[in-house]
$ cat structure.txt   # compact mmCIF, C-alpha atoms
# COMPACT_ATOMS: atom_id res chain seq x y z
CA MET A 1 -117.82 -125.11 92.69
CA SER A 2 -118.96 -122.54 90.18
CA PHE A 3 -122.34 -120.97 89.59
CA LEU A 4 -124.48 -119.64 86.78
CA ARG A 5 -127.91 -118.18 86.35
CA GLY A 6 -130.29 -120.93 85.29
CA LEU A 7 -133.99 -121.67 85.11
CA GLY A 8 -134.78 -118.58 83.13
CA GLY A 9 -132.55 -116.40 85.29
CA HIS A 10 -134.63 -116.81 88.44
CA GLU A 11 -132.36 -119.06 90.50
CA ALA A 12 -128.64 -119.62 90.90
CA ALA A 13 -127.90 -123.19 89.78
CA ARG A 14 -124.75 -125.02 90.74
CA ILE A 15 -122.48 -126.71 88.24
CA LEU A 16 -121.21 -130.08 89.42
CA THR A 17 -118.44 -131.99 87.73
CA GLY A 18 -117.64 -135.69 87.72
CA GLU A 19 -115.51 -138.04 85.70
CA GLY A 20 -116.45 -137.21 82.11
CA VAL A 21 -119.66 -135.37 83.04
CA ARG A 22 -120.95 -131.95 83.99
CA LEU A 23 -124.24 -131.34 85.83
CA ARG A 24 -126.30 -128.16 85.95
CA ALA A 25 -129.90 -127.13 86.41
CA PRO A 26 -132.19 -127.38 83.37
CA ALA A 27 -132.56 -124.16 81.37
CA ALA A 28 -135.06 -122.92 78.79
CA HIS A 29 -132.62 -123.38 75.92
CA ASP A 30 -132.28 -127.11 76.77
CA HIS A 31 -135.80 -127.96 75.63
CA ALA A 32 -135.01 -129.12 72.09
CA ASP A 33 -132.16 -131.40 73.17
CA TRP A 34 -134.14 -132.72 76.16
CA ALA A 35 -137.27 -133.44 74.12
CA ARG A 36 -135.26 -135.12 71.35
CA LEU A 37 -133.38 -137.37 73.78
CA ARG A 38 -136.49 -138.30 75.72
CA GLU A 39 -138.41 -139.10 72.53
CA GLU A 40 -135.70 -141.33 71.08
CA SER A 41 -135.40 -143.03 74.49
CA ARG A 42 -139.16 -143.43 75.02
CA ASP A 43 -139.26 -147.23 74.77
CA PHE A 44 -136.11 -147.51 76.88
CA LEU A 45 -137.39 -145.26 79.69
CA GLN A 46 -141.13 -145.87 79.97
CA PRO A 47 -140.93 -149.27 81.72
CA TRP A 48 -139.12 -147.57 84.62
CA GLU A 49 -141.03 -144.29 84.92
CA PRO A 50 -144.51 -142.97 85.75
CA MET A 51 -146.85 -142.70 82.78
CA TRP A 52 -145.98 -139.80 80.51
CA ALA A 53 -148.57 -137.07 80.01
CA ARG A 54 -149.92 -136.52 76.50
CA ASP A 55 -148.04 -133.22 76.29
CA GLU A 56 -144.98 -134.56 78.11
CA LEU A 57 -142.40 -133.27 75.63
CA THR A 58 -144.05 -130.00 74.54
CA ARG A 59 -142.45 -126.63 75.12
CA ALA A 60 -145.41 -125.55 77.28
CA ALA A 61 -145.04 -128.58 79.55
CA TYR A 62 -141.30 -127.96 79.75
CA ARG A 63 -141.89 -124.34 80.82
CA ARG A 64 -144.19 -125.57 83.59
CA ARG A 65 -141.48 -128.01 84.63
CA LEU A 66 -138.92 -125.19 84.85
CA ARG A 67 -141.26 -123.08 86.98
CA ARG A 68 -141.73 -126.00 89.37
CA TYR A 69 -137.97 -126.58 89.49
CA ALA A 70 -137.32 -122.91 90.32
CA ARG A 71 -139.88 -122.97 93.11
CA GLU A 72 -138.50 -126.18 94.61
CA ILE A 73 -134.92 -124.91 94.55
CA ARG A 74 -135.98 -121.63 96.12
CA GLU A 75 -137.82 -123.51 98.87
CA ASP A 76 -134.95 -125.99 99.41
CA ARG A 77 -137.20 -128.91 98.48
CA ALA A 78 -135.47 -130.31 95.38
CA TYR A 79 -132.38 -129.85 93.22
CA PRO A 80 -132.78 -131.00 89.59
CA PHE A 81 -129.84 -131.45 87.24
CA PHE A 82 -129.27 -132.29 83.62
CA ILE A 83 -126.21 -134.42 82.90
CA PHE A 84 -123.92 -133.45 80.04
CA ARG A 85 -120.98 -135.29 78.53
CA ALA A 86 -117.95 -133.17 79.31
CA GLU A 87 -116.16 -133.66 75.99
CA ASP A 88 -118.88 -132.15 73.80
CA ASP A 89 -121.60 -130.89 76.16
CA ALA A 90 -124.12 -133.43 74.82
CA LEU A 91 -127.15 -133.95 77.05
CA VAL A 92 -127.10 -137.57 78.22
CA GLY A 93 -129.64 -137.73 81.06
CA GLY A 94 -130.93 -136.17 84.24
CA ALA A 95 -130.94 -136.63 88.01
CA THR A 96 -132.76 -135.00 90.91
CA LEU A 97 -132.38 -134.77 94.65
CA SER A 98 -136.01 -134.36 95.69
CA ASN A 99 -138.31 -134.48 98.71
CA LEU A 100 -135.76 -132.81 100.96
CA ARG A 101 -136.69 -133.05 104.62
CA ARG A 102 -134.82 -130.89 107.06
CA GLY A 103 -135.31 -130.83 110.83
CA VAL A 104 -134.51 -134.14 112.48
CA ALA A 105 -134.38 -136.04 109.14
CA GLN A 106 -131.90 -134.13 106.94
CA THR A 107 -132.57 -136.47 104.04
CA CYS A 108 -133.57 -136.51 100.37
CA VAL A 109 -134.53 -138.92 97.59
CA LEU A 110 -132.32 -139.57 94.56
CA GLY A 111 -133.92 -140.16 91.16
CA TYR A 112 -132.30 -140.38 87.74
CA TRP A 113 -132.78 -141.24 84.07
CA MET A 114 -130.34 -141.90 81.24
CA GLY A 115 -130.90 -141.50 77.51
CA ALA A 116 -130.78 -144.79 75.63
CA PRO A 117 -127.78 -143.90 73.42
CA TYR A 118 -125.64 -143.21 76.49
CA ALA A 119 -126.64 -146.05 78.82
CA GLY A 120 -123.96 -148.34 80.17
CA ARG A 121 -121.06 -145.95 79.58
CA GLY A 122 -120.46 -144.87 83.17
CA TYR A 123 -121.97 -141.40 82.86
CA MET A 124 -124.66 -142.00 85.48
CA THR A 125 -122.20 -143.56 87.91
CA ALA A 126 -120.05 -140.42 87.68
CA ALA A 127 -123.11 -138.18 88.01
CA VAL A 128 -124.45 -139.97 91.08
CA ARG A 129 -121.05 -139.73 92.77
CA ALA A 130 -121.02 -135.99 92.10
CA LEU A 131 -124.54 -135.66 93.50
CA VAL A 132 -123.61 -137.59 96.63
CA GLY A 133 -120.80 -135.12 97.27
CA PHE A 134 -123.16 -132.20 96.70
CA ALA A 135 -125.83 -133.64 99.01
CA PHE A 136 -123.47 -134.36 101.89
CA GLY A 137 -121.30 -131.30 101.32
CA ASP A 138 -123.21 -128.26 100.05
CA LEU A 139 -126.61 -129.37 101.35
CA ALA A 140 -125.22 -130.85 104.59
CA LEU A 141 -127.66 -133.76 104.44
CA HIS A 142 -127.35 -136.86 106.60
CA ARG A 143 -129.01 -139.40 104.33
CA ILE A 144 -129.87 -140.05 100.66
CA GLU A 145 -132.61 -142.52 99.83
CA ALA A 146 -133.32 -144.27 96.52
CA ALA A 147 -135.65 -146.99 95.26
CA CYS A 148 -135.69 -149.17 92.17
CA LEU A 149 -137.73 -151.97 90.69
CA PRO A 150 -136.51 -155.40 91.80
CA HIS A 151 -135.81 -156.49 88.21
CA ASN A 152 -133.88 -153.33 87.28
CA ALA A 153 -130.44 -154.91 87.64
CA ALA A 154 -128.61 -151.95 86.06
CA SER A 155 -130.07 -149.45 88.51
CA ARG A 156 -129.38 -151.68 91.48
CA ARG A 157 -125.78 -152.16 90.41
CA LEU A 158 -125.40 -148.39 89.96
CA LEU A 159 -126.57 -147.70 93.52
CA GLU A 160 -124.31 -150.39 94.94
CA LYS A 161 -121.30 -148.94 93.11
CA ALA A 162 -122.14 -145.54 94.58
CA GLY A 163 -122.08 -146.92 98.13
CA PHE A 164 -125.83 -147.30 98.72
CA GLN A 165 -126.99 -150.16 100.91
CA VAL A 166 -130.18 -152.19 100.70
CA GLU A 167 -132.48 -151.35 103.59
CA GLY A 168 -135.73 -153.01 102.72
CA PHE A 169 -138.51 -153.92 100.35
CA ALA A 170 -141.67 -151.85 99.80
CA ARG A 171 -144.75 -153.50 98.34
CA ARG A 172 -146.63 -151.59 95.62
CA TYR A 173 -144.52 -148.58 96.51
CA LEU A 174 -144.72 -146.37 93.40
CA ARG A 175 -146.97 -146.26 90.35
CA ILE A 176 -144.62 -147.05 87.47
CA ALA A 177 -145.72 -147.63 83.85
CA GLY A 178 -149.32 -147.41 85.02
CA ASP A 179 -149.10 -150.06 87.75
CA TRP A 180 -148.34 -149.96 91.48
CA GLN A 181 -145.04 -151.81 91.67
CA ASP A 182 -142.80 -153.21 94.39
CA HIS A 183 -139.45 -151.52 94.99
CA VAL A 184 -136.15 -152.32 96.67
CA LEU A 185 -135.17 -149.53 99.08
CA PHE A 186 -131.62 -148.21 99.24
CA ALA A 187 -129.91 -145.51 101.29
CA ARG A 188 -126.51 -144.01 101.85
CA LEU A 189 -125.51 -142.09 104.98
CA SER A 190 -122.99 -139.29 105.16
CA SER A 191 -120.98 -141.50 107.53
CA ASP A 192 -120.90 -144.49 105.17
CA PRO A 193 -117.55 -145.34 103.55
CA ASP A 194 -116.94 -144.09 100.04
CA PRO A 195 -116.47 -147.22 97.90
CA LEU A 196 -114.40 -145.29 95.38
CA VAL A 197 -111.94 -144.20 98.08
CA ASP A 198 -112.05 -147.10 100.52
CA GLY A 199 -112.48 -149.98 98.09
CA ARG A 200 -115.46 -151.25 100.07
CA GLU A 201 -117.99 -151.53 97.26
CA GLU A 202 -118.70 -155.17 98.06
CA GLN A 203 -119.17 -154.43 101.76
CA ALA A 204 -121.57 -151.61 100.96
CA ARG A 205 -123.95 -153.88 99.06
CA LEU A 206 -125.93 -154.92 102.13
CA SER A 207 -126.61 -153.20 105.40
CA PRO A 208 -126.06 -155.31 108.56
CA VAL A 209 -129.82 -155.69 108.97
CA TRP A 210 -130.10 -157.43 105.59
CA ARG A 211 -126.98 -159.59 105.65
CA GLY A 212 -129.00 -162.37 107.24
CA GLN A 213 -131.99 -161.97 104.93
CA ALA A 214 -131.03 -161.06 101.39
CA LEU A 215 -133.43 -160.49 98.53
CA ARG A 216 -134.21 -162.86 95.70
CA PRO A 217 -133.87 -161.52 92.13
CA ASP A 218 -137.57 -160.60 92.24
CA GLY A 219 -136.92 -158.43 95.30
CA GLN A 220 -138.68 -160.67 97.82
CA PRO A 221 -136.81 -161.75 100.97
CA ALA A 222 -134.80 -164.89 100.32
CA ASP A 223 -135.44 -168.11 102.23
CA ARG A 224 -132.91 -168.30 105.07
CA SER A 225 -132.82 -172.06 104.63
CA ALA A 226 -131.39 -171.70 101.13
CA GLY A 227 -127.94 -171.84 102.65
CA ARG A 228 -126.27 -168.99 100.80
CA PRO A 229 -123.83 -167.31 103.24
CA GLY A 230 -124.91 -163.74 103.74
CA GLY A 231 -127.24 -164.03 100.76
CA GLN A 232 -125.15 -161.49 98.85
CA LYS A 233 -125.36 -163.33 95.52
CA GLU A 234 -129.11 -162.83 95.61
CA ILE A 235 -128.88 -159.07 95.14
CA LEU A 236 -128.21 -159.03 91.40
$ encode --input "structure.txt" --output "structure tokens"
Amino acid sequence: MSFLRGLGGHEAARILTGEGVRLRAPAAHDHADWARLREESRDFLQPWEPMWARDELTRAAYRRRLRRYAREIREDRAYPFFIFRAEDDALVGGATLSNLRRGVAQTCVLGYWMGAPYAGRGYMTAAVRALVGFAFGDLALHRIEAACLPHNAASRRLLEKAGFQVEGFARRYLRIAGDWQDHVLFARLSSDPDPLVDGREEQARLSPVWRGQALRPDGQPADRSAGRPGGQKEIL
């Protein structure tokens, strides 16, 4: 693990590496590339994100974002990363471990976004795997939580591939695209098997609690009388 000075030189930001990707904290000189990628991906991203502010992509708003990032890293509350393609250092997306809770919880929340030109190429899968190692290794966390919209099949598949298990369903959980929307809740524990190493990706798709009550494609609990063993085909 190597280090560099990031976030305007105020905080030491780790560099993480994964298969074909490199992750580091956002820096001031990233603004142009970040704003360009977000703008060209606007229609692709907005259905899955909170409403964008009017000045979302301005340099002033980006500076405020960097100040918040620096404060959260310093206070051990969040660790933001930009994701770069290793072969040419192109910015492809971003991911954050946020809402860190220490004490008896030792947990955080994983969030991520991918630029439209780079979606579906495996970059986010590699990035999430690198972040899982960072969270359980460097940060010594016990648990990583994530949530996604029930109809976001790509995001759900990504979490499953990374060893996350479905734990529940939260009604009107987050305000996305201007509306309070239901979410499927996922988590991965430090003690869970690594699907990449153990070949247990299929087993990791559902926690024991949910094997008897899977979710329909809309995210609602499936009817037990439907007769699908384990309900696993209902996840996608």
$ closest_residue --input "structure.txt" --among "A:Ala90, A:Val132, A:Val184, A:Ala154" --to "Glu167 of chain A" --atoms "only C-alpha atoms"
A:Val184
$ residues_around --input "structure.txt" --residues "Thr107 of chain A" --least-positions-apart "2" --cutoff "7 Å" --atoms "only C-alpha atoms" --output "compact mmCIF listing (two decimals) with C-alpha atoms, in the coordinates of the input"
# COMPACT_ATOMS: atom_id res chain seq x y z
CA LEU A 100 -135.76 -132.81 100.96
CA ARG A 101 -136.69 -133.05 104.62
CA ARG A 102 -134.82 -130.89 107.06
CA ALA A 105 -134.38 -136.04 109.14
CA LEU A 141 -127.66 -133.76 104.44
CA HIS A 142 -127.35 -136.86 106.60
CA ARG A 143 -129.01 -139.40 104.33
CA ILE A 144 -129.87 -140.05 100.66
$ closest_residue --input "structure.txt" --among "A:Val92, A:Val109, A:Ala140, A:Ile83" --to "Arg24 of chain A" --atoms "all atoms listed in the file"
A:Ile83
$ closest_residue --input "structure.txt" --among "A:Thr96, A:Ala86, A:Asp179, A:Glu39" --to "Asp55 of chain A" --atoms "all atoms listed in the file"
A:Glu39
$ residues_around --input "structure.txt" --residues "Gln181 of chain A" --least-positions-apart "2" --cutoff "8 Å" --atoms "all atoms listed in the file" --output "compact mmCIF listing (two decimals) with C-alpha atoms, in the frame of the given file"
# COMPACT_ATOMS: atom_id res chain seq x y z
CA LEU A 149 -137.73 -151.97 90.69
CA ARG A 171 -144.75 -153.50 98.34
CA ARG A 172 -146.63 -151.59 95.62
CA TYR A 173 -144.52 -148.58 96.51
CA LEU A 174 -144.72 -146.37 93.40
CA ARG A 175 -146.97 -146.26 90.35
CA ILE A 176 -144.62 -147.05 87.47
CA ASP A 179 -149.10 -150.06 87.75
CA HIS A 183 -139.45 -151.52 94.99
$ atom_distance --input "structure.txt" --atom1 "atom CA of Thr58 of chain A" --atom2 "atom CA of His31 of chain A"
8.6 Å
$ atom_distance --input "structure.txt" --atom1 "atom CA of Ala177 of chain A" --atom2 "atom CA of Gln165 of chain A"
25.5 Å
$ closest_residue --input "structure.txt" --among "A:Glu49, A:Arg59, A:Tyr123, A:Phe164" --to "His29 of chain A" --atoms "all atoms listed in the file"
A:Arg59
